[in-house]
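One structure below.
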Amino acid sequence: MDTDIGALTVIFTEFYYWVTVPLMFLIHVGFCMYEVGATRRKNHLHTLMKNTMLIPLVTITFFFFGWWIYFAFPNGPGITGGLIQSDNAFPWSELMGTHLGGPGVASSDPVMGYGVELGNAYWARVNGVFWAAFLLFSWTAASIVSGAVIERIRPGAFWIIAVLVGSFTWIIDAAWGWHPDGWMVTQLGYHDAYASGVIHAIAGGAALGVLIPLGPRLGKFAPDGTPRNINPHNKWLVTIGLFLIYTGFWGFYVACNVPIIDYGALGGAEGVVNFTATTIYLTPTTLSAIVFNFLMSLSGGLIAGYVVSRGESFWTYSCGLAGVICASAGNDLYHPIQAMLIGAVGAVCAYKLHFWVENKFKIDDAVGAVAVHGYAGFIGLVIAGFMLWGHPATAGYYDPATLITPWGQFAGAIIMFVVLGFIPAYVVSNILKSFGVLRIPPAVELVGLDISEEMAEEMDAIEVSEADIAEAKRLGLLA
Amino acid sequence: MLSIQFLSTTIVETWAGADLSQLGPIYPMVGSEKILVIIGILFWLGFHFRQAGIEAKEMAADEAAARDPERLKRVFSKEAQHY
């Protein structure tokens, strides 16, 4: 901040991440609309509140420990090293509040974050907006699980799982595989620039881990095991919700980048000043590249989804999302036509796998979240391993670089979907189930979660009607 | 004047002539961060415990409502009409 270019770089970075936050907020608005539309009317208020309340719970817990995990856990800890000093991210850090960038009060020691000393002036400007950008990813991860389990999970149980996924497991995977020095990046050559795995595969795996102990909605399967369609009560709301998620994805994509940095300081050519945007791995990219590929993969997914679902609106929109998610791992590098084709593959796989799993294993994923996020994300990681084979996964300051490989990506996909996604959610859900607090009672499921609200509203309406009748009589309008 | 300074919660006394490069945290009560974190965590955990009680009562009331056959019929009738 003591030179013009330094100040402009930091303040531009601060503003850039700030802009991503309201854009990503739209993802959550979309998720709420989509979930409420997908439920039957007897459950829609509880569905809305279940999703809405994950916002404050994940936010405060991400403040208490999620942010610190990202900076402290890139080595595991215990896989390639210990905890990394992360002064900027402790919840009691002076930099986790209004700070002007000067010396600290409690300590004047250098502030370490990202394993280096970037200085108070940097963190004072960037810490909050960077935290918020990551937090919005956290909401998304938890919200993906929310859709799958509608109409039968207890809200209290879901909120515990939301904190688990939103403030704990996903951010461990981010430290491991979505950090320039994460052990999965430096050891496996894991590459997942726009979060096919670190958000989508893990959340899809977690949703599956909850769905198995939770069980299907009453009436979902006929006695012979044939699935019944429990249709959305409002497909318009569902599709507009998905449209809003597409819109929010613009913020999601750009928040995955570092907007401006001198590549010379990251191991580029010595003595050459070369400002560029980078991925989260500090590998060079451009906003143009990701705009090309986001739109082409969305288009590939929509076209393939329309064909494979025979024009069914819910699945066409969902397949658009699956297309983006499948291509996201390598959308910093793909050619746009490659992104389109990968998007189409992801959409078809998500659609086919959803119905195959539903029929074969009697798993009731109410909105196809496991398929659209989990399977498409997993497949996207594996495809990236083949498509980007031999490309450096690590930044310029790693010499020699660790290279992207199919086996590194496959191992990464397993870690995301199974190790950090499925297993923790399955274990915690089973614990909640053993206490009898995972699922709502069958009678409540039949009558609907909103029954108390409906009865209270009926009583209100009767009271108002009786008051109106009395007034009409007083005025002589009624005998 | 003495009482105003005594009541102050901030380390900033004036913006006149301020050298921003020498100013760090400016929120009220700098130094209380660890206590705030403890209070914040209790606030969070308190929600889960309180909410569990509210939810248990609500489920019991909902189950009682579900024992009314007329109400159930109405729910199923609406469901059949895809209401």
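Every chain in the structure tokens takes a letter, A first, then B, and so on in the order presented; its residues are numbered from 1, and the ligands are numbered from 1 following the presented order.
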
message = as a ChimeraX atom specification, please: the residues near Ala60 (chain B) (cut-off 10 Å, only C-alpha atoms, same-chain neighbours under 5 positions excluded).
response = /A:441,444 /B:55,65-66

Produce a file of the selected residues containing C-alpha atoms, as a compact mmCIF listing (two decimals), in the first residue's frame.
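This went into selection.txt:
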# COMPACT_ATOMS: atom_id res chain seq x y z
CA PRO A 441 -42.14 -38.82 12.57
CA VAL A 444 -45.89 -35.54 10.51
CA GLU B 55 -38.46 -28.72 17.34
CA ALA B 65 -52.80 -32.75 14.52
CA ALA B 66 -52.13 -35.73 12.27

Distance table requested - chain A against chain B, cut-off 7 Å, only C-alpha atoms: one row per qualifying residue with the closest atom pair and its distance in Å to one decimal, ordered by chain and rising residue number, as a tab-separated table.
residue	atom	partner	partner_atom	distance
A:Arg41	CA	B:Tyr83	CA	6.8
A:Pro91	CA	B:Val37	CA	6.7
A:Trp92	CA	B:Glu33	CA	4.8
A:Glu94	CA	B:Pro25	CA	6.0
A:Thr98	CA	B:Tyr27	CA	5.8
A:His99	CA	B:Pro25	CA	4.1
A:Leu100	CA	B:Gly24	CA	5.1
A:Gly101	CA	B:Gly24	CA	5.3
A:Gly102	CA	B:Gly24	CA	4.3
A:Pro103	CA	B:Gly24	CA	5.3
A:Gly104	CA	B:Gly24	CA	5.3
A:Val105	CA	B:Gly24	CA	6.9
A:Ala106	CA	B:Gly31	CA	7.0
A:Gly156	CA	B:Ala52	CA	6.3
A:His233	CA	B:His82	CA	6.8
A:Ala443	CA	B:Glu63	CA	5.7
A:Val444	CA	B:Glu63	CA	5.4
A:Val447	CA	B:Ala66	CA	5.6
A:Ile451	CA	B:Asp62	CA	6.3
A:Ser452	CA	B:Asp62	CA	6.1

key: Contacts of Ala395 (chain A) within 9 Å, only C-alpha atoms, excl. fewer than 5 positions in-chain, as a PyMOL selection string   = chain A and resi 180-181+266-268+281-284+401

Keeping N, CA and C atoms for every residue in the selection just given, could you write it to a file as a PDB file, in the first residue's frame?
ATOM      1  N   PRO A 180      -2.766 -23.184  -3.419  1.00  0.00           N
ATOM      2  CA  PRO A 180      -1.540 -23.367  -4.226  1.00  0.00           C
ATOM      3  C   PRO A 180      -0.535 -24.328  -3.596  1.00  0.00           C
ATOM      4  N   ASP A 181      -0.591 -24.481  -2.267  1.00  0.00           N
ATOM      5  CA  ASP A 181       0.359 -25.371  -1.601  1.00  0.00           C
ATOM      6  C   ASP A 181      -0.318 -26.580  -0.958  1.00  0.00           C
ATOM      7  N   LEU A 266       5.883 -14.911  -8.565  1.00  0.00           N
ATOM      8  CA  LEU A 266       5.387 -16.278  -8.314  1.00  0.00           C
ATOM      9  C   LEU A 266       6.255 -17.326  -9.006  1.00  0.00           C
ATOM     10  N   GLY A 267       7.445 -16.916  -9.428  1.00  0.00           N
ATOM     11  CA  GLY A 267       8.337 -17.880 -10.066  1.00  0.00           C
ATOM     12  C   GLY A 267       8.371 -17.749 -11.574  1.00  0.00           C
ATOM     13  N   GLY A 268       7.782 -16.679 -12.101  1.00  0.00           N
ATOM     14  CA  GLY A 268       7.862 -16.436 -13.539  1.00  0.00           C
ATOM     15  C   GLY A 268       9.265 -15.967 -13.915  1.00  0.00           C
ATOM     16  N   TYR A 281      -4.762 -21.671  -7.785  1.00  0.00           N
ATOM     17  CA  TYR A 281      -3.457 -22.337  -7.666  1.00  0.00           C
ATOM     18  C   TYR A 281      -2.299 -21.407  -8.037  1.00  0.00           C
ATOM     19  N   LEU A 282      -2.620 -20.137  -8.348  1.00  0.00           N
ATOM     20  CA  LEU A 282      -1.630 -19.156  -8.796  1.00  0.00           C
ATOM     21  C   LEU A 282      -1.012 -19.557 -10.137  1.00  0.00           C
ATOM     22  N   THR A 283      -1.791 -20.259 -10.958  1.00  0.00           N
ATOM     23  CA  THR A 283      -1.388 -20.540 -12.341  1.00  0.00           C
ATOM     24  C   THR A 283      -2.136 -19.565 -13.246  1.00  0.00           C
ATOM     25  N   PRO A 284      -1.475 -19.049 -14.292  1.00  0.00           N
ATOM     26  CA  PRO A 284      -2.082 -17.955 -15.062  1.00  0.00           C
ATOM     27  C   PRO A 284      -3.358 -18.364 -15.801  1.00  0.00           C
ATOM     28  N   ALA A 401       7.645 -28.703 -11.748  1.00  0.00           N
ATOM     29  CA  ALA A 401       6.219 -28.672 -11.428  1.00  0.00           C
ATOM     30  C   ALA A 401       5.685 -30.076 -11.192  1.00  0.00           C
TER      31      ALA A 401
END

task = Assign secondary structure with DSSP using the backbone only, and return the residues of region 9-55 of chain B in alpha helix (DSSP H) as a list in words.
result =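 Selection result, alpha helix (DSSP H) within region 9-55 of chain B: Glu33, Lys34, Ile35, Leu36, Val37, Ile38, Ile39, Gly40, Ile41, Leu42, Phe43, Trp44, Leu45, Gly46, Phe47, His48, Phe49, Arg50, Gln51, Ala52, Gly53, Ile54 and Glu55 of chain B.
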
Selection above as a file: N, CA and C atoms, as a tab-separated table (two decimals), in the first residue's frame:
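Ended up saving to out-v3.tsv:
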chain	number	residue	atom	x	y	z
B	33	GLU	N	-10.97	-9.80	22.00
B	33	GLU	CA	-11.34	-10.73	20.92
B	33	GLU	C	-11.59	-12.14	21.42
B	34	LYS	N	-10.75	-12.64	22.33
B	34	LYS	CA	-10.92	-14.03	22.76
B	34	LYS	C	-12.21	-14.20	23.54
B	35	ILE	N	-12.53	-13.21	24.34
B	35	ILE	CA	-13.81	-13.27	25.09
B	35	ILE	C	-14.97	-13.24	24.10
B	36	LEU	N	-14.84	-12.40	23.06
B	36	LEU	CA	-15.91	-12.33	22.06
B	36	LEU	C	-16.10	-13.67	21.35
B	37	VAL	N	-14.98	-14.34	21.06
B	37	VAL	CA	-15.07	-15.64	20.39
B	37	VAL	C	-15.79	-16.65	21.29
B	38	ILE	N	-15.47	-16.64	22.58
B	38	ILE	CA	-16.14	-17.57	23.50
B	38	ILE	C	-17.64	-17.27	23.55
B	39	ILE	N	-17.99	-15.99	23.65
B	39	ILE	CA	-19.41	-15.61	23.67
B	39	ILE	C	-20.09	-16.05	22.36
B	40	GLY	N	-19.39	-15.83	21.26
B	40	GLY	CA	-19.94	-16.20	19.95
B	40	GLY	C	-20.19	-17.69	19.84
B	41	ILE	N	-19.25	-18.50	20.32
B	41	ILE	CA	-19.42	-19.96	20.24
B	41	ILE	C	-20.57	-20.41	21.14
B	42	LEU	N	-20.69	-19.80	22.31
B	42	LEU	CA	-21.82	-20.14	23.19
B	42	LEU	C	-23.16	-19.76	22.54
B	43	PHE	N	-23.17	-18.64	21.85
B	43	PHE	CA	-24.37	-18.18	21.13
B	43	PHE	C	-24.76	-19.21	20.06
B	44	TRP	N	-23.74	-19.70	19.34
B	44	TRP	CA	-23.98	-20.70	18.29
B	44	TRP	C	-24.52	-22.01	18.89
B	45	LEU	N	-23.80	-22.55	19.89
B	45	LEU	CA	-24.22	-23.82	20.47
B	45	LEU	C	-25.57	-23.69	21.17
B	46	GLY	N	-25.79	-22.53	21.77
B	46	GLY	CA	-27.07	-22.28	22.44
B	46	GLY	C	-28.23	-22.39	21.46
B	47	PHE	N	-28.01	-21.92	20.24
B	47	PHE	CA	-29.07	-22.04	19.23
B	47	PHE	C	-29.45	-23.50	19.02
B	48	HIS	N	-28.45	-24.36	18.85
B	48	HIS	CA	-28.76	-25.78	18.56
B	48	HIS	C	-29.55	-26.42	19.71
B	49	PHE	N	-29.16	-26.14	20.95
B	49	PHE	CA	-29.87	-26.72	22.09
B	49	PHE	C	-31.30	-26.17	22.18
B	50	ARG	N	-31.42	-24.88	22.03
B	50	ARG	CA	-32.75	-24.24	22.13
B	50	ARG	C	-33.64	-24.72	20.99
B	51	GLN	N	-33.06	-24.79	19.81
B	51	GLN	CA	-33.83	-25.21	18.63
B	51	GLN	C	-34.30	-26.66	18.78
B	52	ALA	N	-33.46	-27.51	19.38
B	52	ALA	CA	-33.85	-28.91	19.56
B	52	ALA	C	-35.11	-29.00	20.43
B	53	GLY	N	-35.19	-28.17	21.45
B	53	GLY	CA	-36.38	-28.15	22.31
B	53	GLY	C	-37.61	-27.66	21.56
B	54	ILE	N	-37.43	-26.58	20.80
B	54	ILE	CA	-38.55	-26.03	20.02
B	54	ILE	C	-39.05	-27.07	19.02
B	55	GLU	N	-38.11	-27.74	18.37
B	55	GLU	CA	-38.46	-28.72	17.34
B	55	GLU	C	-39.21	-29.91	17.95

For CA of Val163 (chain A) and CA of Ile69 (chain A), the interatomic separation in Å (one decimal) =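 That distance, rounded to one decimal, is 13.7 Å.
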